[in-house]
Structures are given as C-alpha cells and as structure tokens.
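J.: Coordinates in target.cif, mmCIF, C-alpha atoms and all ligand atoms, are listed below.
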data_protein
loop_
_atom_site.label_atom_id
_atom_site.label_comp_id
_atom_site.auth_asym_id
_atom_site.auth_seq_id
_atom_site.Cartn_x
_atom_site.Cartn_y
_atom_site.Cartn_z
CA MET E 157 38.41 -52.78 -50.97
CA GLU E 158 37.69 -55.70 -53.32
CA PRO E 159 35.02 -58.42 -53.16
CA HIS E 160 36.20 -61.86 -52.03
CA PRO E 161 37.56 -63.84 -55.06
CA ASP E 162 34.64 -66.30 -54.73
CA ALA E 163 31.98 -63.59 -54.38
CA PRO E 164 29.22 -63.68 -56.98
CA GLY E 165 29.87 -61.22 -59.79
CA PRO E 166 27.94 -58.08 -60.81
CA GLY E 167 24.44 -58.93 -62.02
CA SER E 168 24.23 -62.20 -60.06
CA LYS E 169 20.89 -62.74 -58.39
CA LEU E 170 21.38 -63.72 -54.76
CA PRO E 171 19.46 -66.64 -53.26
CA GLN E 172 17.57 -66.23 -49.97
CA HIS E 173 20.20 -66.91 -47.31
CA TYR E 174 17.81 -68.91 -45.08
CA GLU E 175 14.26 -70.00 -45.91
CA GLN E 176 12.95 -68.91 -42.49
CA CYS E 177 14.67 -65.53 -42.46
CA PHE E 178 12.11 -62.76 -41.85
CA GLY E 179 13.97 -60.55 -44.30
CA CYS E 180 14.39 -62.86 -47.29
CA GLY E 181 12.92 -66.30 -46.54
CA ASP E 182 10.19 -67.78 -48.71
CA GLU E 183 8.79 -69.80 -45.79
CA VAL E 184 7.78 -66.70 -43.81
CA ASP E 185 4.40 -65.69 -45.19
CA ALA E 186 4.35 -62.20 -43.68
CA GLY E 187 8.10 -61.70 -44.13
CA LEU E 188 9.69 -59.03 -46.26
CA HIS E 189 10.65 -61.38 -49.14
CA ILE E 190 13.55 -59.15 -50.08
CA ARG E 191 15.26 -59.96 -53.35
CA SER E 192 18.87 -58.97 -54.01
CA ALA E 193 21.44 -58.89 -56.79
CA VAL E 194 25.09 -57.93 -56.87
CA GLY E 195 25.91 -54.50 -58.27
CA ASP E 196 29.22 -53.01 -59.32
CA GLY E 197 32.09 -52.80 -56.83
CA MET E 198 31.00 -53.40 -53.26
CA VAL E 199 27.28 -52.80 -53.85
CA VAL E 200 24.24 -55.05 -53.49
CA HIS E 201 20.85 -53.94 -54.85
CA SER E 202 17.74 -55.15 -53.03
CA THR E 203 14.01 -54.63 -53.41
CA PHE E 204 11.34 -54.76 -50.72
CA THR E 205 7.68 -54.49 -51.70
CA VAL E 206 5.54 -53.26 -48.80
CA THR E 207 2.35 -55.25 -48.20
CA GLU E 208 -0.57 -54.86 -45.77
CA ALA E 209 1.29 -57.24 -43.42
CA HIS E 210 4.01 -54.58 -43.00
CA GLN E 211 1.90 -51.64 -41.79
CA GLY E 212 2.53 -49.40 -38.81
CA ALA E 213 0.15 -46.52 -39.47
CA PRO E 214 -2.78 -47.33 -41.80
CA GLY E 215 -1.44 -47.72 -45.31
CA LEU E 216 2.18 -47.02 -44.35
CA ALA E 217 5.18 -49.25 -43.68
CA HIS E 218 6.20 -49.80 -40.06
CA GLY E 219 9.56 -48.14 -39.33
CA GLY E 220 10.84 -51.22 -37.51
CA LEU E 221 10.22 -53.37 -40.56
CA LEU E 222 11.96 -50.81 -42.76
CA ALA E 223 14.93 -51.10 -40.39
CA CYS E 224 14.70 -54.88 -40.82
CA ALA E 225 14.81 -54.46 -44.60
CA PHE E 226 18.01 -52.42 -44.27
CA ASP E 227 19.54 -54.89 -41.81
CA GLU E 228 18.99 -57.58 -44.43
CA ALA E 229 20.23 -55.47 -47.35
CA LEU E 230 23.34 -54.31 -45.47
CA GLY E 231 24.02 -57.80 -44.11
CA SER E 232 23.76 -59.19 -47.61
CA THR E 233 26.72 -57.06 -48.73
CA VAL E 234 28.83 -58.47 -45.91
CA GLY E 235 27.81 -62.11 -46.35
CA ASN E 236 27.92 -62.18 -50.13
CA LEU E 237 30.77 -59.82 -51.01
CA LEU E 238 33.14 -60.61 -48.13
CA ARG E 239 31.82 -64.18 -47.64
CA ARG E 240 32.28 -63.87 -43.89
CA PRO E 241 29.80 -64.67 -41.15
CA ALA E 242 28.98 -61.50 -39.25
CA VAL E 243 26.19 -60.12 -37.10
CA THR E 244 24.75 -56.65 -36.80
CA GLY E 245 26.30 -54.73 -33.92
CA LYS E 246 24.71 -51.37 -34.65
CA LEU E 247 22.04 -50.17 -37.07
CA GLU E 248 21.06 -46.55 -37.63
CA THR E 249 18.15 -45.48 -39.82
CA ASP E 250 17.01 -42.10 -41.14
CA PHE E 251 13.36 -42.16 -42.21
CA ARG E 252 13.07 -39.34 -44.74
CA ARG E 253 9.69 -40.06 -46.38
CA PRO E 254 6.71 -42.29 -45.58
CA VAL E 255 6.72 -45.59 -47.47
CA PRO E 256 3.19 -46.56 -48.56
CA VAL E 257 1.76 -50.07 -48.79
CA GLY E 258 2.12 -51.22 -52.40
CA SER E 259 5.33 -49.30 -52.99
CA THR E 260 8.67 -50.96 -53.63
CA LEU E 261 11.78 -49.75 -51.91
CA HIS E 262 14.88 -49.98 -54.10
CA ILE E 263 17.81 -50.34 -51.74
CA ALA E 264 21.44 -49.84 -52.77
CA ALA E 265 23.75 -51.05 -49.99
CA LYS E 266 27.53 -50.75 -50.09
CA LEU E 267 30.44 -51.89 -48.00
CA ASP E 268 32.35 -48.87 -46.74
CA GLY E 269 35.27 -50.46 -44.91
CA VAL E 270 36.69 -53.13 -42.67
CA ALA E 271 38.71 -52.54 -39.50
CA GLY E 272 39.64 -55.78 -37.78
CA ARG E 273 36.38 -57.56 -36.96
CA LYS E 274 34.32 -54.42 -37.62
CA ILE E 275 32.65 -54.05 -41.00
CA TYR E 276 30.97 -50.78 -41.98
CA ALA E 277 28.18 -50.56 -44.55
CA SER E 278 25.62 -47.95 -45.62
CA ALA E 279 22.51 -47.91 -47.77
CA GLU E 280 19.92 -45.74 -49.41
CA GLY E 281 16.33 -46.76 -50.21
CA ARG E 282 14.45 -45.04 -53.01
CA LEU E 283 10.72 -45.19 -53.72
CA ASP E 284 9.57 -47.30 -56.67
CA ALA E 285 12.66 -46.87 -58.85
CA ASP E 286 16.45 -46.91 -58.60
CA ASP E 287 16.35 -43.14 -59.15
CA GLY E 288 13.17 -42.45 -57.14
CA PRO E 289 13.06 -40.13 -54.13
CA VAL E 290 15.12 -41.22 -51.12
CA ALA E 291 12.83 -42.56 -48.39
CA VAL E 292 15.27 -44.19 -45.98
CA ARG E 293 19.02 -44.11 -45.34
CA ALA E 294 20.84 -46.50 -43.04
CA ARG E 295 24.28 -47.28 -41.67
CA GLY E 296 25.35 -50.51 -40.06
CA LEU E 297 28.28 -51.85 -38.12
CA PHE E 298 28.67 -55.61 -38.51
CA VAL E 299 31.01 -57.68 -36.38
CA SER E 300 32.71 -60.80 -37.79
CA VAL E 301 31.96 -63.88 -35.75
CA ASP E 302 33.01 -67.50 -35.82
CA PHE E 303 30.28 -70.04 -36.63
CA THR E 304 30.37 -71.01 -32.95
CA HIS E 305 28.31 -67.82 -32.44
CA PHE E 306 25.40 -69.61 -34.12
CA THR E 307 26.01 -73.07 -32.65
CA THR E 308 26.29 -71.61 -29.14
CA HIS E 309 23.36 -69.22 -29.25
CA GLY E 310 21.12 -70.57 -32.04
CA ASP E 311 18.77 -73.52 -32.43
CA VAL E 312 20.56 -76.74 -33.39
CA ASN E 313 17.71 -78.16 -35.50
CA ALA E 314 17.25 -74.90 -37.40
CA LEU E 315 21.01 -74.73 -37.95
CA GLU E 316 21.04 -78.25 -39.42
CA LYS E 317 18.32 -77.23 -41.87
CA PHE E 318 20.34 -74.14 -42.80
CA ARG E 319 23.51 -76.22 -43.37
CA ALA E 320 21.68 -78.77 -45.51
CA ALA E 321 20.16 -76.06 -47.69
CA ARG E 322 23.56 -74.39 -48.20
CA LYS E 323 25.26 -77.68 -49.08
CA ALA E 324 22.69 -78.24 -51.82
CA ARG E 325 23.71 -74.99 -53.53
CA PRO E 326 26.06 -74.95 -56.49
CA GLU E 327 28.20 -72.01 -55.32
CA LYS E 328 31.12 -72.32 -52.88
CA ASP E 329 30.31 -71.76 -49.24
CA TRP E 330 31.96 -69.24 -46.92
CA ASP E 331 35.60 -69.80 -45.96
CA ILE E 332 34.84 -70.47 -42.31
CA ASN E 333 32.73 -73.58 -41.94
CA PRO E 334 31.21 -74.98 -38.76
C1 LIG L 1 24.38 -63.90 -46.97
C2 LIG L 1 24.09 -63.50 -45.56
C3 LIG L 1 23.02 -62.46 -45.45
C4 LIG L 1 22.75 -62.17 -43.99
C5 LIG L 1 21.71 -61.08 -43.84
C6 LIG L 1 21.23 -61.08 -42.42
C7 LIG L 1 21.06 -59.70 -41.89
C8 LIG L 1 20.59 -59.75 -40.45
C9 LIG L 1 21.77 -59.74 -39.51
C10 LIG L 1 21.29 -59.68 -38.10
O1 LIG L 1 20.26 -59.12 -37.82
S1 LIG L 1 22.29 -60.41 -36.86
C11 LIG L 1 21.20 -60.35 -35.44
C12 LIG L 1 21.32 -59.09 -34.62
N1 LIG L 1 22.60 -58.99 -33.97
C13 LIG L 1 22.94 -59.73 -32.91
O2 LIG L 1 22.21 -60.55 -32.40
C14 LIG L 1 24.30 -59.48 -32.34
C15 LIG L 1 24.30 -59.56 -30.82
N2 LIG L 1 25.59 -59.10 -30.28
C16 LIG L 1 26.63 -59.98 -30.13
O3 LIG L 1 26.51 -61.18 -30.35
C17 LIG L 1 27.95 -59.40 -29.69
O4 LIG L 1 27.74 -58.19 -29.00
C18 LIG L 1 28.91 -59.16 -30.88
C19 LIG L 1 29.23 -60.51 -31.58
C20 LIG L 1 28.34 -58.17 -31.91
C21 LIG L 1 30.21 -58.58 -30.34
O5 LIG L 1 30.65 -59.35 -29.23
P1 LIG L 1 32.14 -59.91 -29.12
O6 LIG L 1 32.36 -60.21 -27.68
O7 LIG L 1 32.34 -61.02 -30.10
O8 LIG L 1 33.07 -58.75 -29.62
P2 LIG L 1 33.47 -57.38 -28.88
O9 LIG L 1 32.41 -56.90 -27.95
O10 LIG L 1 34.87 -57.55 -28.34
O11 LIG L 1 33.50 -56.37 -30.13
C22 LIG L 1 34.41 -56.56 -31.21
C23 LIG L 1 34.66 -55.19 -31.81
O12 LIG L 1 33.41 -54.69 -32.32
C24 LIG L 1 33.05 -53.48 -31.63
N3 LIG L 1 31.60 -53.50 -31.38
C25 LIG L 1 30.85 -54.55 -31.04
N4 LIG L 1 29.56 -54.19 -30.89
C26 LIG L 1 29.52 -52.87 -31.14
C27 LIG L 1 28.47 -51.91 -31.17
N5 LIG L 1 27.21 -52.23 -30.91
N6 LIG L 1 28.79 -50.64 -31.46
C28 LIG L 1 30.06 -50.28 -31.74
N7 LIG L 1 31.10 -51.17 -31.75
C29 LIG L 1 30.82 -52.43 -31.45
C30 LIG L 1 33.83 -53.53 -30.31
O13 LIG L 1 34.02 -52.23 -29.80
C31 LIG L 1 35.12 -54.18 -30.77
O14 LIG L 1 35.90 -53.21 -31.45
P3 LIG L 1 37.50 -53.23 -31.35
O15 LIG L 1 37.90 -54.49 -32.07
O16 LIG L 1 37.93 -51.99 -32.07
O17 LIG L 1 37.83 -53.25 -29.90
#
I need this file expressed as structure tokens, please.

T.:
Amino acid sequence: MEPHPDAPGPGSKLPQHYEQCFGCGDEVDAGLHIRSAVGDGMVVHSTFTVTEAHQGAPGLAHGGLLACAFDEALGSTVGNLLRRPAVTGKLETDFRRPVPVGSTLHIAAKLDGVAGRKIYASAEGRLDADDGPVAVRARGLFVSVDFTHFTTHGDVNALEKFRAARKARPEKDWDINP
C-alpha cells in the first residue's frame, strides 16, 4: 500500500484538521491538542500530553480520553495518507499501563490495509519517548464515506467554518469535495 500521490511526505507536520476537534483543535481548551507528523511509509506519529483536564482516577488519564487520542491518531493516517473522508466504525483499545498526568504519549499509527470501503489501522502509544514503555495499543476500522455523511448528519454552520479553514490552506484538499 502506498500513500496517496498528494499526501504530505515523511517529516511533514500535520495541521489540526478542525479547530473545534476535541482531539486536535486549538479552540477546545480542555481538548487533547494532539500534534502529528508524517512518518515513513504508512505511519503517522502523534503526541498527546496528559493534563489535569484529562483525569479519570486522581493523577491518571481517563481511559475514554486515551481512546479518543487513538481515534484521532488512527483517523489522521486515513485522512492524511489516503486523503479520503472516513469515519470510525470500530475502535479497540488495550490499556497496558497507567498514563500519568504530565506524561506525553508518543503514538505511532499505521495503515494496515484497505478492503473496499473498509480501512484498517493500528497504533501503539509509548510513555514519554518514541522508545518508551508501551502504555496503550489500539486497532481501528474506518469506513469511507461521501461528504454527504457530514452535510446530512452534521451542523451546517460548523461545516461552513470547516470548509473555509481548509480552503485557506496551501495544500491540496481531498479528492472528494462537497
Ligand atoms: C485529516 C483527518 C483526521 C480525522 C481524525 C478524526 C478522527 C475521529 C474520527 C471519528 O471519531 S468519526 C465519529 C465516530 N464514528 C461515527 O460517528 C460513525 C457512525 N456510523 C456510521 O455513520 C455508519 O455506521 C457507517 C458510515 C460507519 C457505516 O454505514 P454505511 O451504511 O455507510 O455502510 P455499511 O453499514 O454498509 O458498512 C460498509 C462496510 O463497512 C463494514 N462496517 C461498518 N461498520 C462496521 C463496524 N462497526 N464493524 C465492522 N464492520 C463495519 C460493513 O460490514 C460493510 O462491510 P462490507 O463492505 O464488507 O459489507
């Protein structure tokens, strides 16, 4: 499997995909503020620094928010490397170690395969370094959708804001436009 010809190359820093996204958006104060860059092959590297806003047990990251971080990191491989709109159909997480507030999860997510509309991806999150101990593993099944998925089910005003922000970017947009 190869990245889309217009996919950003290895080393490229990826912009937040939507300012109000809980995973990556700058406008969400308590959001995860995940930052991502393209790796080699079909890999995207992301970091998530756990703050007090992300706690479940005192001093530890909430498992649901860790799952959110992996949804974002896995989804980023699909959106950026395949340049196809897709939504998460299934997300599985293995929590192997607690993730303390103040730590940074280094997530390596890779595309594993495509079968029709189904896109398979998996990821590993390591504590505080790319070679730190594995804290979380995840697998996701994404399903390609037409943009009508978002116009039918989403909020029109929010979608307009999203479109305007994407148009202002220098890079080419996805192949399928609304
Ligand atoms: C740069 C961009 C960065 C983006 C990062 C963002 C990351 C965050 C992404 C998200 O969180 S998206 C939000 C959470 N997900 C959703 O809201 C999706 C809600 N579900 C749906 O809208 C529909 O169920 C869905 C579009 C996924 C599928 O409905 P469809 O009617 O279009 O398709 P269909 O049900 O026929 O399924 C198509 C194929 O996928 C398979 N499939 C769908 N859902 C599945 C599932 N849950 N488990 C296993 N297989 C599934 C289904 O079996 C079938 O396989 P086959 O082609 O082999 O027959």

J.: So the first atom is atom CA of Ala225 of chain E and the second is atom CA of Asp286 of chain E; what is the distance between them in Å, to one decimal place?

T.: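 Interatomic distance here is 16.0 Å.
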
J.: Within 8 Å of ligand LIG 1 (chain L), counting all atoms listed in the file, which protein or nucleic acid residues do you find, written as a short mmCIF file (atom, residue, chain, number, x, y, z; two decimals) with C-alpha atoms, in the coordinates of the input?

T.:
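Dumped to result.cif:
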data_model
loop_
_atom_site.label_atom_id
_atom_site.label_comp_id
_atom_site.auth_asym_id
_atom_site.auth_seq_id
_atom_site.Cartn_x
_atom_site.Cartn_y
_atom_site.Cartn_z
CA GLN E 172 17.57 -66.23 -49.97
CA HIS E 173 20.20 -66.91 -47.31
CA CYS E 177 14.67 -65.53 -42.46
CA GLY E 179 13.97 -60.55 -44.30
CA CYS E 224 14.70 -54.88 -40.82
CA ASP E 227 19.54 -54.89 -41.81
CA GLU E 228 18.99 -57.58 -44.43
CA ALA E 229 20.23 -55.47 -47.35
CA LEU E 230 23.34 -54.31 -45.47
CA GLY E 231 24.02 -57.80 -44.11
CA SER E 232 23.76 -59.19 -47.61
CA THR E 233 26.72 -57.06 -48.73
CA VAL E 234 28.83 -58.47 -45.91
CA GLY E 235 27.81 -62.11 -46.35
CA ASN E 236 27.92 -62.18 -50.13
CA ARG E 239 31.82 -64.18 -47.64
CA PRO E 241 29.80 -64.67 -41.15
CA ALA E 242 28.98 -61.50 -39.25
CA VAL E 243 26.19 -60.12 -37.10
CA THR E 244 24.75 -56.65 -36.80
CA GLY E 245 26.30 -54.73 -33.92
CA LYS E 246 24.71 -51.37 -34.65
CA ALA E 271 38.71 -52.54 -39.50
CA GLY E 272 39.64 -55.78 -37.78
CA ARG E 273 36.38 -57.56 -36.96
CA LYS E 274 34.32 -54.42 -37.62
CA LEU E 297 28.28 -51.85 -38.12
CA PHE E 298 28.67 -55.61 -38.51
CA VAL E 299 31.01 -57.68 -36.38
CA SER E 300 32.71 -60.80 -37.79
CA VAL E 301 31.96 -63.88 -35.75
CA HIS E 305 28.31 -67.82 -32.44
#

J.: Please provide the set of residues having any atom within 7 Å of segment 317-327 of chain E, restricted to all atoms listed in the file, with same-chain residues fewer than 3 positions apart removed, written as a list in words.

T.: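 Neighbouring residues, sequence-local ones excluded: Tyr174, Asn313 and Ala314 of chain E.
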
J.: State, in Å with one decimal place, the distance from atom CA of Ala209 of chain E to atom CA of Ala186 of chain E.

T.: 5.8 Å

J.: So which one's closest to Gly288 of chain E, E:Val257, E:Ala264, E:Leu247, E:Leu170? Using only C-alpha atoms, please.

T.: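 Closest to Gly288 of chain E, using only C-alpha atoms: E:Ala264.
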
J.: Neighbouring residues of Ser192 of chain E were defined as those with any atom within 8 Å, considering only C-alpha atoms; residues of the same chain fewer than 5 positions away were excluded. Please report them as JSON, numbers by chain.

T.: {"E": [169, 170, 171, 200, 201, 202, 203, 229]}

J.: Take atom CA of Phe204 of chain E and atom CA of Leu188 of chain E and report the distance between them in Å, one decimal.

T.: 6.4 Å

J.: For Arg293 of chain E, which of E:His309, E:His210, E:Lys266, E:Arg252 is the closest residue, counting all atoms listed in the file?

T.: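 Residue with the minimum atom-to-atom distance to Arg293 of chain E: E:Arg252.
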
J.: In file coordinates, which residues lie within 10 Å of (12.0, -43.8, -54.6) using only C-alpha atoms, given as a ChimeraX atom specification?

T.: /E:253,255,259-263,280-292

J.: Using only C-alpha atoms, can you list as a ChimeraX atom specification the residues within 12 Å of (37.5, -60.2, -51.1)?

T.: /E:157-165,197-198,233-240,267,269-270,330-331
